[in-house]
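Engineer: entry35.cif is the file, holding mmCIF, C-alpha atoms and all ligand atoms:
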```cif
data_upload
loop_
_atom_site.label_atom_id
_atom_site.label_comp_id
_atom_site.auth_asym_id
_atom_site.auth_seq_id
_atom_site.Cartn_x
_atom_site.Cartn_y
_atom_site.Cartn_z
CA MET L 1 140.91 102.12 93.23
CA THR L 2 143.67 101.43 95.69
CA GLU L 3 144.63 104.05 98.25
CA THR L 4 147.86 104.86 96.48
CA SER L 5 146.37 105.38 93.02
CA VAL L 6 146.07 108.81 91.49
CA PRO L 7 142.51 109.69 90.59
CA ASN L 8 141.88 110.68 87.02
CA ALA L 9 141.21 114.39 87.28
CA ARG L 10 139.43 114.43 83.94
CA GLY L 11 136.98 111.70 84.92
CA ASP L 12 136.22 113.53 88.17
CA GLN L 13 135.75 116.75 86.23
CA PHE L 14 133.10 115.12 84.02
CA VAL L 15 131.24 114.01 87.13
CA ASP L 16 131.41 117.59 88.39
CA PHE L 17 130.07 118.99 85.08
CA LEU L 18 127.24 116.48 85.02
CA THR L 19 126.35 117.21 88.63
CA ARG L 20 126.12 120.91 87.79
CA VAL L 21 123.87 120.16 84.79
CA ALA L 22 121.61 118.07 87.03
CA ALA L 23 121.54 120.57 89.90
CA SER L 24 121.24 123.90 88.12
CA LYS L 25 120.93 123.32 84.37
CA ASP L 26 124.43 124.75 84.01
CA ARG L 27 124.89 125.45 80.28
CA ALA L 28 128.61 126.10 80.49
CA ALA L 29 129.15 122.74 82.17
CA PHE L 30 126.99 121.12 79.48
CA ALA L 31 129.00 122.81 76.72
CA SER L 32 132.20 121.38 78.22
CA LEU L 33 130.68 117.91 78.20
CA PHE L 34 129.54 118.46 74.61
CA ASP L 35 132.98 119.54 73.46
CA HIS L 36 134.59 116.46 74.96
CA PHE L 37 132.02 113.77 74.16
CA ALA L 38 130.28 114.91 70.96
CA PRO L 39 133.29 114.26 68.67
CA ARG L 40 133.79 110.85 70.29
CA VAL L 41 130.14 109.89 69.89
CA LYS L 42 130.27 111.05 66.27
CA SER L 43 133.33 108.96 65.48
CA PHE L 44 131.77 106.01 67.35
CA MET L 45 128.60 106.23 65.23
CA MET L 46 130.56 106.59 62.00
CA ARG L 47 132.60 103.50 62.76
CA LYS L 48 129.31 101.67 63.23
CA GLY L 49 128.30 102.66 59.72
CA SER L 50 126.44 105.95 60.07
CA ASN L 51 127.18 108.67 57.52
CA PRO L 52 128.31 112.07 58.90
CA GLU L 53 124.78 113.57 58.96
CA GLN L 54 123.23 110.54 60.66
CA ALA L 55 126.12 110.52 63.11
CA GLU L 56 125.54 114.20 63.98
CA ASP L 57 121.81 113.55 64.45
CA LEU L 58 122.73 110.82 66.93
CA VAL L 59 125.26 113.11 68.59
CA GLN L 60 122.55 115.71 69.08
CA GLU L 61 120.05 113.17 70.45
CA THR L 62 122.69 111.67 72.74
CA MET L 63 123.76 115.01 74.16
CA ILE L 64 120.15 116.17 74.65
CA ALA L 65 119.53 112.96 76.61
CA VAL L 66 122.63 113.75 78.70
CA TRP L 67 121.01 117.11 79.51
CA SER L 68 117.57 115.73 80.36
CA LYS L 69 118.71 112.63 82.24
CA ALA L 70 121.65 114.17 84.11
CA ALA L 71 119.90 113.69 87.47
CA MET L 72 119.70 109.93 86.80
CA PHE L 73 123.48 109.58 86.60
CA SER L 74 125.16 108.06 89.60
CA THR L 75 128.86 107.37 90.06
CA GLU L 76 127.87 103.99 91.50
CA LYS L 77 126.78 102.94 88.02
CA GLY L 78 130.16 103.76 86.52
CA SER L 79 131.92 106.60 84.80
CA VAL L 80 130.40 109.46 82.80
CA SER L 81 131.92 107.94 79.63
CA THR L 82 130.22 104.64 80.36
CA TRP L 83 126.91 106.36 81.01
CA ILE L 84 127.13 108.32 77.76
CA PHE L 85 128.18 105.14 75.95
CA THR L 86 124.96 103.43 77.12
CA ILE L 87 122.82 106.41 76.04
CA ALA L 88 124.44 106.46 72.59
CA ARG L 89 124.10 102.69 72.27
CA ASN L 90 120.40 102.78 73.17
CA LEU L 91 119.64 105.60 70.74
CA ARG L 92 121.41 103.80 67.95
CA ILE L 93 119.45 100.62 68.71
CA ASP L 94 116.22 102.64 68.48
CA LYS L 95 117.29 103.97 65.11
CA LEU L 96 118.03 100.53 63.75
CA ARG L 97 114.85 99.02 65.21
CA ARG L 98 116.90 95.89 65.50
CA GLU L 99 115.96 95.32 69.08
CA ARG L 100 114.39 97.36 71.83
CA SER L 101 116.41 99.83 73.83
CA GLN L 102 113.62 99.55 76.39
CA LEU L 103 115.40 96.37 77.47
CA TYR L 104 118.25 98.51 78.71
CA THR L 105 116.33 101.45 80.12
CA ASP L 106 114.10 99.11 82.16
CA LEU L 107 117.19 97.85 83.93
CA GLU L 108 118.05 101.37 85.05
CA ASP L 109 115.25 101.13 87.59
CA PHE L 110 117.11 98.53 89.62
CA ASP L 111 119.34 99.45 92.50
CA ALA L 112 122.73 100.57 91.35
CA PRO L 113 125.29 97.85 91.98
CA ASP L 114 128.25 98.75 94.10
CA LEU L 115 131.35 99.18 91.96
CA SER L 116 133.22 101.16 94.56
CA THR L 117 134.76 98.25 96.42
CA GLY L 118 137.23 95.60 95.37
CA ALA L 119 140.45 96.68 93.69
CA GLU L 120 140.15 93.68 91.39
CA GLU L 121 137.09 95.18 89.72
CA ALA L 122 138.44 98.32 88.20
CA LEU L 123 136.42 98.36 84.99
CA GLY L 124 133.66 100.89 84.77
CA ARG L 125 134.89 103.37 87.34
CA SER L 126 135.53 106.93 86.30
CA GLN L 127 139.26 106.93 86.75
CA GLU L 128 139.78 103.90 84.51
CA ASP L 129 138.51 105.12 81.17
CA ASN L 130 141.75 106.38 79.70
CA GLN L 131 143.50 103.22 80.85
CA VAL L 132 141.21 100.96 78.86
CA SER L 133 142.85 101.85 75.56
CA LEU L 134 146.29 101.26 77.10
CA ALA L 135 145.14 97.88 78.36
CA LEU L 136 143.51 96.99 75.04
CA ALA L 137 146.83 97.58 73.29
CA GLN L 138 148.43 94.98 75.53
CA ILE L 139 146.16 92.01 74.94
CA PRO L 140 146.70 89.60 72.03
CA ALA L 141 145.47 91.03 68.72
CA GLU L 142 143.09 88.16 68.01
CA GLN L 143 141.29 88.92 71.29
CA ARG L 144 141.43 92.70 70.95
CA ASP L 145 140.05 92.58 67.40
CA LEU L 146 136.97 90.68 68.54
CA LEU L 147 136.23 93.16 71.33
CA ILE L 148 136.65 96.06 68.89
CA LEU L 149 134.47 94.38 66.22
CA SER L 150 131.80 93.89 68.82
CA PHE L 151 131.87 97.24 70.63
CA VAL L 152 133.00 99.57 67.87
CA GLU L 153 131.75 97.99 64.68
CA ASP L 154 128.56 96.44 65.98
CA VAL L 155 129.19 92.97 64.59
CA PRO L 156 127.23 90.16 66.30
CA GLN L 157 129.31 87.23 67.57
CA SER L 158 127.77 84.68 65.20
CA GLU L 159 128.56 86.98 62.28
CA ILE L 160 132.14 87.39 63.49
CA ALA L 161 132.34 83.58 63.46
CA LEU L 162 131.06 83.42 59.88
CA ARG L 163 133.35 86.24 58.73
CA LEU L 164 136.46 84.72 60.23
CA GLY L 165 135.45 81.16 59.40
CA ILE L 166 135.92 79.99 62.98
CA PRO L 167 133.40 78.26 65.28
CA LEU L 168 131.15 80.47 67.40
CA GLY L 169 132.56 78.79 70.51
CA THR L 170 136.05 80.00 69.54
CA VAL L 171 134.79 83.56 69.10
CA LYS L 172 133.20 83.42 72.54
CA SER L 173 136.22 81.94 74.27
CA ARG L 174 138.54 84.55 72.67
CA MET L 175 136.21 87.32 73.82
CA ARG L 176 136.09 85.90 77.33
CA LEU L 177 139.88 85.54 77.46
CA GLY L 178 140.46 89.04 76.11
CA TYR L 179 138.00 90.49 78.59
CA GLN L 180 139.59 88.63 81.51
CA ARG L 181 143.09 89.78 80.53
CA LEU L 182 141.89 93.32 80.15
CA ARG L 183 140.45 93.31 83.63
CA LYS L 184 143.65 91.83 85.04
CA LEU L 185 145.69 94.53 83.30
CA LEU L 186 143.47 97.31 84.62
CA GLU L 187 143.91 95.86 88.09
CA THR L 188 147.71 96.01 87.86
CA MET L 189 147.61 99.55 86.43
CA ASN L 190 146.08 100.77 89.64
CA MET C 191 115.52 83.70 93.97
CA ASN C 192 118.43 81.31 94.20
CA ILE C 193 120.21 81.54 90.88
CA SER C 194 123.13 79.21 90.19
CA HIS C 195 123.49 79.36 86.39
CA HIS C 196 124.40 82.77 84.99
CA LEU C 197 125.06 84.52 81.72
CA ASP C 198 128.40 83.90 80.10
CA ASP C 199 130.86 86.84 79.86
CA ALA C 200 130.66 86.64 76.06
CA THR C 201 126.88 87.07 76.22
CA LEU C 202 127.14 89.97 78.66
CA LEU C 203 129.70 91.64 76.39
CA ALA C 204 127.39 91.24 73.38
CA PHE C 205 124.45 92.64 75.34
CA ALA C 206 126.59 95.55 76.58
CA ALA C 207 127.80 96.26 73.05
CA GLY C 208 124.22 96.10 71.75
CA THR C 209 124.92 93.32 69.26
CA VAL C 210 122.58 90.61 70.57
CA GLY C 211 119.59 89.60 68.46
CA GLU C 212 116.04 90.55 69.41
CA ALA C 213 115.06 87.23 71.05
CA HIS C 214 118.34 86.95 72.92
CA GLY C 215 118.07 90.53 74.13
CA ILE C 216 114.66 89.87 75.67
CA LEU C 217 115.90 86.71 77.36
CA VAL C 218 119.08 88.35 78.65
CA ALA C 219 117.11 91.34 80.00
CA SER C 220 114.70 88.92 81.70
CA HIS C 221 117.56 87.18 83.49
CA LEU C 222 119.21 90.49 84.39
CA ALA C 223 115.97 91.67 85.99
CA MET C 224 116.16 88.67 88.34
CA CYS C 225 119.91 88.56 88.91
CA PRO C 226 121.96 91.21 90.74
CA THR C 227 125.16 89.24 90.05
CA CYS C 228 124.75 89.57 86.29
CA ARG C 229 123.56 93.20 86.57
CA ASN C 230 126.82 93.96 88.32
CA ALA C 231 128.76 92.10 85.61
CA LEU C 232 126.86 94.02 82.92
CA ARG C 233 127.94 97.36 84.40
CA LYS C 234 131.55 96.25 84.09
CA ALA C 235 131.07 95.11 80.50
CA GLU C 236 129.49 98.49 79.75
CA GLY C 237 132.58 100.02 81.37
CA LEU C 238 134.59 98.53 78.52
CA GLY C 239 132.25 100.33 76.11
CA GLY C 240 132.79 103.57 78.01
CA GLY C 241 136.56 103.11 77.93
CA ILE C 242 136.48 102.41 74.20
CA LEU C 243 134.26 105.46 73.59
CA GLU C 244 136.70 107.58 75.60
CA SER C 245 139.64 106.26 73.60
CA GLN C 246 138.10 107.15 70.21
CA ALA C 247 139.91 109.75 68.18
CA GLY C 248 137.11 112.28 67.81
CA GLN C 249 135.45 113.37 64.58
CA ALA C 250 134.98 117.15 64.46
CA VAL C 251 131.36 118.06 65.07
CA SER C 252 129.93 120.87 62.92
CA ASP C 253 129.08 124.25 64.47
CA VAL C 254 125.53 123.74 63.21
CA CYS C 255 125.16 120.56 65.26
CA ARG C 256 126.63 122.18 68.35
CA ALA C 257 124.47 125.30 68.06
CA ALA C 258 121.32 123.26 67.34
CA THR C 259 121.94 121.07 70.37
CA LEU C 260 122.50 124.01 72.72
CA ALA C 261 119.49 125.86 71.29
CA SER C 262 117.14 122.92 71.85
CA LEU C 263 117.93 122.38 75.53
CA ASP C 264 115.08 124.57 76.81
CA ALA C 265 112.51 122.60 74.85
CA VAL C 266 113.64 119.24 76.25
CA ILE C 267 110.88 117.30 77.98
CA ALA C 268 111.51 115.12 81.01
CA PRO C 269 111.94 111.38 80.40
CA LYS C 270 108.67 109.44 80.43
CA GLU C 271 107.55 107.18 83.22
CA THR C 272 108.36 103.50 83.07
CA TYR C 273 105.77 100.90 82.20
CA LYS C 274 104.69 98.53 84.97
CA PRO C 275 102.96 95.45 83.59
CA LYS C 276 100.36 93.47 85.52
CA SER C 277 101.90 90.11 84.78
CA ASP C 278 104.02 87.45 86.45
CA LEU C 279 106.25 87.33 83.38
CA PRO C 280 109.64 89.06 83.43
CA LEU C 281 109.21 92.70 82.38
CA ALA C 282 111.01 92.31 79.05
CA LEU C 283 108.66 89.46 78.07
CA ALA C 284 105.56 91.14 79.49
CA ARG C 285 106.23 94.17 77.31
CA ILE C 286 105.75 92.21 74.10
CA MET C 287 103.16 89.73 75.34
CA GLY C 288 100.95 92.29 77.08
CA ASP C 289 99.46 91.78 80.52
CA VAL C 290 99.41 88.00 80.21
CA ASN C 291 100.16 85.68 83.14
CA LEU C 292 102.08 82.45 82.76
CA ALA C 293 98.85 80.53 83.47
CA ASP C 294 96.95 82.26 80.63
CA ILE C 295 99.28 81.49 77.76
CA HIS C 296 97.63 79.80 74.76
CA TRP C 297 99.91 76.81 74.40
CA HIS C 298 100.20 74.78 71.25
CA LYS C 299 100.61 71.09 71.97
CA ARG C 300 103.43 69.58 69.94
CA ALA C 301 103.82 66.14 71.50
CA PRO C 302 102.64 64.43 74.68
CA GLY C 303 104.00 66.58 77.52
CA VAL C 304 105.43 69.20 75.17
CA SER C 305 103.71 72.53 74.45
CA VAL C 306 105.11 75.64 72.85
CA PHE C 307 104.21 79.26 72.33
CA ASP C 308 105.92 81.50 69.78
CA VAL C 309 106.61 84.94 71.17
CA PRO C 310 105.88 87.46 68.40
CA LEU C 311 108.97 89.43 67.39
CA SER C 312 109.44 92.18 64.85
CA LYS C 313 109.25 91.36 61.13
CA GLY C 314 112.55 90.29 59.67
CA SER C 315 114.02 89.28 63.02
CA LYS C 316 116.85 86.82 62.56
CA THR C 317 116.07 85.25 65.92
CA LYS C 318 113.19 83.35 67.48
CA LEU C 319 111.83 83.28 70.99
CA LYS C 320 109.77 80.33 72.19
CA LEU C 321 108.09 79.51 75.45
CA VAL C 322 108.23 75.79 76.08
CA LYS C 323 106.24 73.80 78.63
CA LEU C 324 107.41 70.29 79.50
CA GLY C 325 105.76 67.74 81.78
CA LYS C 326 107.50 65.92 84.62
CA GLY C 327 109.99 63.26 83.54
CA ARG C 328 109.92 64.53 80.03
CA THR C 329 113.23 63.85 78.37
CA MET C 330 114.30 66.14 75.61
CA PRO C 331 116.05 64.41 72.75
CA GLU C 332 119.77 65.06 72.66
CA HIS C 333 120.34 68.07 70.48
CA GLY C 334 123.29 70.14 69.40
CA HIS C 335 123.19 73.88 69.18
CA GLY C 336 123.59 75.89 66.03
CA GLY C 337 124.38 79.51 66.57
CA GLU C 338 123.51 81.37 69.72
CA GLU C 339 121.03 79.58 71.93
CA LEU C 340 119.90 80.65 75.39
CA THR C 341 117.38 79.04 77.76
CA LEU C 342 115.86 80.71 80.81
CA ILE C 343 113.79 78.75 83.34
CA LEU C 344 110.60 80.49 84.47
CA LYS C 345 108.89 77.69 86.42
CA GLY C 346 109.68 74.12 87.55
CA SER C 347 113.10 72.64 86.96
CA TYR C 348 115.17 70.26 84.89
CA HIS C 349 118.59 68.71 85.14
CA ASP C 350 121.21 67.66 82.66
CA LYS C 351 124.96 67.10 82.77
CA MET C 352 125.44 70.84 83.32
CA GLY C 353 123.50 70.59 86.59
CA ARG C 354 120.07 71.49 87.87
CA PHE C 355 118.20 74.43 86.37
CA SER C 356 115.52 76.19 88.44
CA PRO C 357 113.57 79.45 87.96
CA GLY C 358 115.93 82.31 87.09
CA ASP C 359 118.70 79.99 85.92
CA VAL C 360 119.94 80.49 82.41
CA ALA C 361 121.58 77.87 80.19
CA ASP C 362 124.12 79.83 78.18
CA LEU C 363 126.03 77.10 76.42
CA ASP C 364 128.68 77.10 73.75
CA ALA C 365 127.47 75.82 70.41
CA GLU C 366 129.48 72.63 70.67
CA ILE C 367 127.99 71.45 73.95
CA GLU C 368 125.32 68.78 73.70
CA HIS C 369 122.98 68.18 76.56
CA GLN C 370 119.83 66.25 77.39
CA PRO C 371 117.65 67.98 79.95
CA ILE C 372 115.12 65.94 81.96
CA VAL C 373 112.30 67.71 83.81
CA ASP C 374 112.52 66.78 87.51
CA SER C 375 109.88 69.05 89.08
CA ASP C 376 106.38 67.86 89.99
CA GLU C 377 104.93 70.87 88.22
CA ASP C 378 105.47 71.55 84.54
CA CYS C 379 108.76 73.12 83.61
CA ILE C 380 108.31 76.33 81.64
CA CYS C 381 111.29 77.87 79.96
CA VAL C 382 111.94 80.46 77.32
CA ILE C 383 114.41 79.68 74.54
CA ALA C 384 116.09 82.17 72.21
CA PHE C 385 117.86 80.96 69.11
CA GLU C 386 119.03 82.12 65.71
CA THR C 387 117.30 81.44 62.42
CA ARG C 388 120.11 82.38 60.06
CA ALA C 389 120.06 80.23 56.93
CA ILE C 390 123.34 78.57 57.78
CA TYR C 391 121.94 77.20 61.04
CA LYS C 392 118.53 76.26 59.71
CA THR C 393 119.36 72.77 58.63
CA ILE C 394 121.10 71.99 61.89
CA LEU C 395 118.21 73.38 63.89
CA ALA C 396 115.55 71.63 61.82
CA LYS C 397 117.32 68.33 62.11
CA LEU C 398 118.22 68.43 65.76
CA VAL C 399 115.68 70.61 67.48
CA GLN C 400 112.56 69.60 65.56
CA PRO C 401 111.71 66.63 67.75
CA PHE C 402 112.30 68.84 70.77
CA VAL C 403 110.18 71.95 70.19
CA GLY C 404 108.74 71.38 66.76
CA ILE C 405 110.26 74.31 64.94
ZN ZN W 501 122.90 85.90 86.59
#
```
Would it be possible to restate this file's structure as structure tokens?
Ligand SMILES: [Zn+2]

Structural biologist:
Amino acid sequence: MTETSVPNARGDQFVDFLTRVAASKDRAAFASLFDHFAPRVKSFMMRKGSNPEQAEDLVQETMIAVWSKAAMFSTEKGSVSTWIFTIARNLRIDKLRRERSQLYTDLEDFDAPDLSTGAEEALGRSQEDNQVSLALAQIPAEQRDLLILSFVEDVPQSEIALRLGIPLGTVKSRMRLGYQRLRKLLETMN
Amino acid sequence: MNISHHLDDATLLAFAAGTVGEAHGILVASHLAMCPTCRNALRKAEGLGGGILESQAGQAVSDVCRAATLASLDAVIAPKETYKPKSDLPLALARIMGDVNLADIHWHKRAPGVSVFDVPLSKGSKTKLKLVKLGKGRTMPEHGHGGEELTLILKGSYHDKMGRFSPGDVADLDAEIEHQPIVDSDEDCICVIAFETRAIYKTILAKLVQPFVGI
């Protein structure tokens, strides 16, 4: 964040809610987080192939984890949305038994990296979340589609390559390019 | 640890999205545990996931789900303690191999100076994870890559046209790149390799990697 940028009040509000959940088991603050994030997590799970009931089960598990792990959240690790994204991702991985979410939770024990410095590294900070969709809309479709297939629809890169009939190396380079452009755009939005 | 070869952005994005295969996930997590640079990069890639989650048009959640969630909060138990293995292997590997040290692995000799150990993965996994031990001066036959292939050095070192690879370094190469690593350390070079076993890649792998690790 540059000194002239306007902080995203909503992102800061989520941090405040989560802090209150961690500090005093504040149910009203939790309910506010639920009302904002639960529908998003549900839609996220459904786009990954869950039916509505499965998606609501995952919503419930995700939000209960938000309640019990609230004290582990730190703004140095990123935004509340990013933190909830990782919780939802890990729970879904556990459900699929495709790989081990332990891989991710183990890494939580390491020192939080510092994301607070460097205007060029905007991604992952609380005030950026609602800019990501704006930035995504501005990158070439062939790059955006790959990022969406990967993050929203859960398609592995080698399967994307098979589906689109293009070499894996092309999939990877498009993803890299899209990601780099996205970060550049987020930088200029600040 | 002086790491000079890191994970590719595409690999970090896949790991952040949760779309990497089982073997690759273990290898990526092993590198991340050793590498603050890539841990930092992972947080940013996860930030993209957070931004995409935030940008989702929500699906209305039923009152039943909301009420059930709020009602169950009092019964929530605190998160469990984390497992600390007694092993010199990276945590992600130690978890599936148990408290085994690098020196105690039961190697299977495949050729002079080449030993392998198959890391057991879950049934039906579309990926494989192999530990490979190579003696000094051992030249791996030139081989192409089919699908996603990652190599992480645990001990010793090798060099190829991509440079020198020492403990902690990861070779995260595009499928089209061919390389011919030569072990240049006095001690054995031990690395862990993750690759895909999808049918479409099988013939390529069998043909090109067989002389190398004996798949
Ligand atoms: Zn690294």

Engineer: When you get a sec, could you note down which chain C residues fall within 6 Å of chain L, using only C-alpha atoms, as a list of chain:residue names?

Structural biologist: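 Matching residues, ligands excluded from the count: C:Asp199, C:Ala200, C:Ala207, C:Thr209, C:Glu212, C:Ala219, C:Asn230, C:Lys234, C:Gly237, C:Gly240, C:Gly241, C:Ser245, C:Gln246, C:Gly248, C:Gln249, C:Ala250, C:Val251, C:Thr259, C:Asp364, C:Ala365.
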
Engineer: Could you write out the selected residues, including C-alpha atoms, as a PDB file, in the frame of the given file?

Structural biologist:
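To be explicit, this is the file written out as again08.pdb:
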```pdb
ATOM      1  CA  ASP C 199     130.860  86.840  79.860  1.00  0.00           C
ATOM      2  CA  ALA C 200     130.660  86.640  76.060  1.00  0.00           C
ATOM      3  CA  ALA C 207     127.800  96.260  73.050  1.00  0.00           C
ATOM      4  CA  THR C 209     124.920  93.320  69.260  1.00  0.00           C
ATOM      5  CA  GLU C 212     116.040  90.550  69.410  1.00  0.00           C
ATOM      6  CA  ALA C 219     117.110  91.340  80.000  1.00  0.00           C
ATOM      7  CA  ASN C 230     126.820  93.960  88.320  1.00  0.00           C
ATOM      8  CA  LYS C 234     131.550  96.250  84.090  1.00  0.00           C
ATOM      9  CA  GLY C 237     132.580 100.020  81.370  1.00  0.00           C
ATOM     10  CA  GLY C 240     132.790 103.570  78.010  1.00  0.00           C
ATOM     11  CA  GLY C 241     136.560 103.110  77.930  1.00  0.00           C
ATOM     12  CA  SER C 245     139.640 106.260  73.600  1.00  0.00           C
ATOM     13  CA  GLN C 246     138.100 107.150  70.210  1.00  0.00           C
ATOM     14  CA  GLY C 248     137.110 112.280  67.810  1.00  0.00           C
ATOM     15  CA  GLN C 249     135.450 113.370  64.580  1.00  0.00           C
ATOM     16  CA  ALA C 250     134.980 117.150  64.460  1.00  0.00           C
ATOM     17  CA  VAL C 251     131.360 118.060  65.070  1.00  0.00           C
ATOM     18  CA  THR C 259     121.940 121.070  70.370  1.00  0.00           C
ATOM     19  CA  ASP C 364     128.680  77.100  73.750  1.00  0.00           C
ATOM     20  CA  ALA C 365     127.470  75.820  70.410  1.00  0.00           C
TER      21      ALA C 365
END
```

Engineer: So which one's closest to ligand ZN 501 (chain W), C:Leu279, C:Ala231, C:Val266, C:Ala247? Using all atoms listed in the file, please.

Structural biologist: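 Once distances to ligand ZN 501 (chain W) are computed over all atoms listed in the file, the minimum belongs to C:Ala231.
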
Engineer: List every residue of chain C that has an atom at most 8 Å from any atom of ligand ZN 501 (chain W), giving for each one its closest atom pair and the distance in Å to one decimal, counting all atoms listed in the file, sorted by chain and then by ascending residue number, as a tab-separated table.

Structural biologist:
```
residue	atom	partner	partner_atom	distance
C:Ile193	CA	W:ZN501	ZN	6.7
C:Ser194	CA	W:ZN501	ZN	7.6
C:His195	CA	W:ZN501	ZN	6.6
C:His196	CA	W:ZN501	ZN	3.8
C:Leu197	CA	W:ZN501	ZN	5.5
C:His221	CA	W:ZN501	ZN	6.3
C:Leu222	CA	W:ZN501	ZN	6.3
C:Met224	CA	W:ZN501	ZN	7.5
C:Cys225	CA	W:ZN501	ZN	4.6
C:Pro226	CA	W:ZN501	ZN	6.8
C:Thr227	CA	W:ZN501	ZN	5.3
C:Cys228	CA	W:ZN501	ZN	4.1
C:Arg229	CA	W:ZN501	ZN	7.3
C:Gly358	CA	W:ZN501	ZN	7.9
C:Asp359	CA	W:ZN501	ZN	7.3
C:Val360	CA	W:ZN501	ZN	7.4
```

Engineer: Just give me the gap between CA of Ser220 in chain C and CA of Leu283 in chain C in Å, one decimal is fine.

Structural biologist: 7.1 Å

Engineer: List the neighbours of Leu33 in chain L out to 8 Å using all atoms listed in the file; skip same-chain residues closer than 5 positions along the sequence, and give me the result as a ChimeraX atom specification.

Structural biologist: /L:14,17-18,38

Engineer: In Å, how far is it from CA of Asp376 in chain C to CA of Ser277 in chain C?

Structural biologist: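 Separating CA of Asp376 in chain C from CA of Ser277 in chain C is a distance of 23.3 Å.
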
Engineer: If I take CA of Leu311 in chain C and CA of Lys345 in chain C, how far is one from the other in Å, to one decimal?

Structural biologist: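 Separation between CA of Leu311 in chain C and CA of Lys345 in chain C: 22.4 Å.
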
Engineer: Could you check the closest approach to Gln143 in chain L for each of L:Gly178, L:Ala23, L:Gly165, L:Lys48 and tell me which residue wins, using only C-alpha atoms?

Structural biologist: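 Of L:Gly178, L:Ala23, L:Gly165, L:Lys48, the one nearest Gln143 in chain L, counting only C-alpha atoms, is L:Gly178.
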
Engineer: Name all residues at most 10 Å from Gly288 in chain C (count all atoms listed in the file; drop same-chain ones fewer than 2 positions away) and give them as a PyMOL selection string.

Structural biologist: chain C and resi 275-277+279+281+283-286+290-291

Engineer: Around all the atoms of range 200-205 of chain C listed in the file, with 3 Å of room on each side, what axis-aligned box do you get, giving centre and edge lengths in Å to one decimal, as lines of an AutoDock Vina configuration file?

Structural biologist:
```
center_x = 127.6
center_y = 89.6
center_z = 76.0
size_x = 12.2
size_y = 12.0
size_z = 11.3
```

Engineer: Which protein, DNA or RNA residues are at most 7 Å from (108.5, 78.0, 80.4) in the file's coordinates when you count all atoms listed in the file, listed as a JSON list (two decimals) with C-alpha atoms, in the coordinates of the input?

Structural biologist:
```
[["chain", "number", "residue", "atom", "x", "y", "z"],
["C", 321, "LEU", "CA", 108.09, 79.51, 75.45],
["C", 322, "VAL", "CA", 108.23, 75.79, 76.08],
["C", 323, "LYS", "CA", 106.24, 73.80, 78.63],
["C", 343, "ILE", "CA", 113.79, 78.75, 83.34],
["C", 344, "LEU", "CA", 110.60, 80.49, 84.47],
["C", 345, "LYS", "CA", 108.89, 77.69, 86.42],
["C", 379, "CYS", "CA", 108.76, 73.12, 83.61],
["C", 380, "ILE", "CA", 108.31, 76.33, 81.64],
["C", 381, "CYS", "CA", 111.29, 77.87, 79.96],
["C", 382, "VAL", "CA", 111.94, 80.46, 77.32]]
```
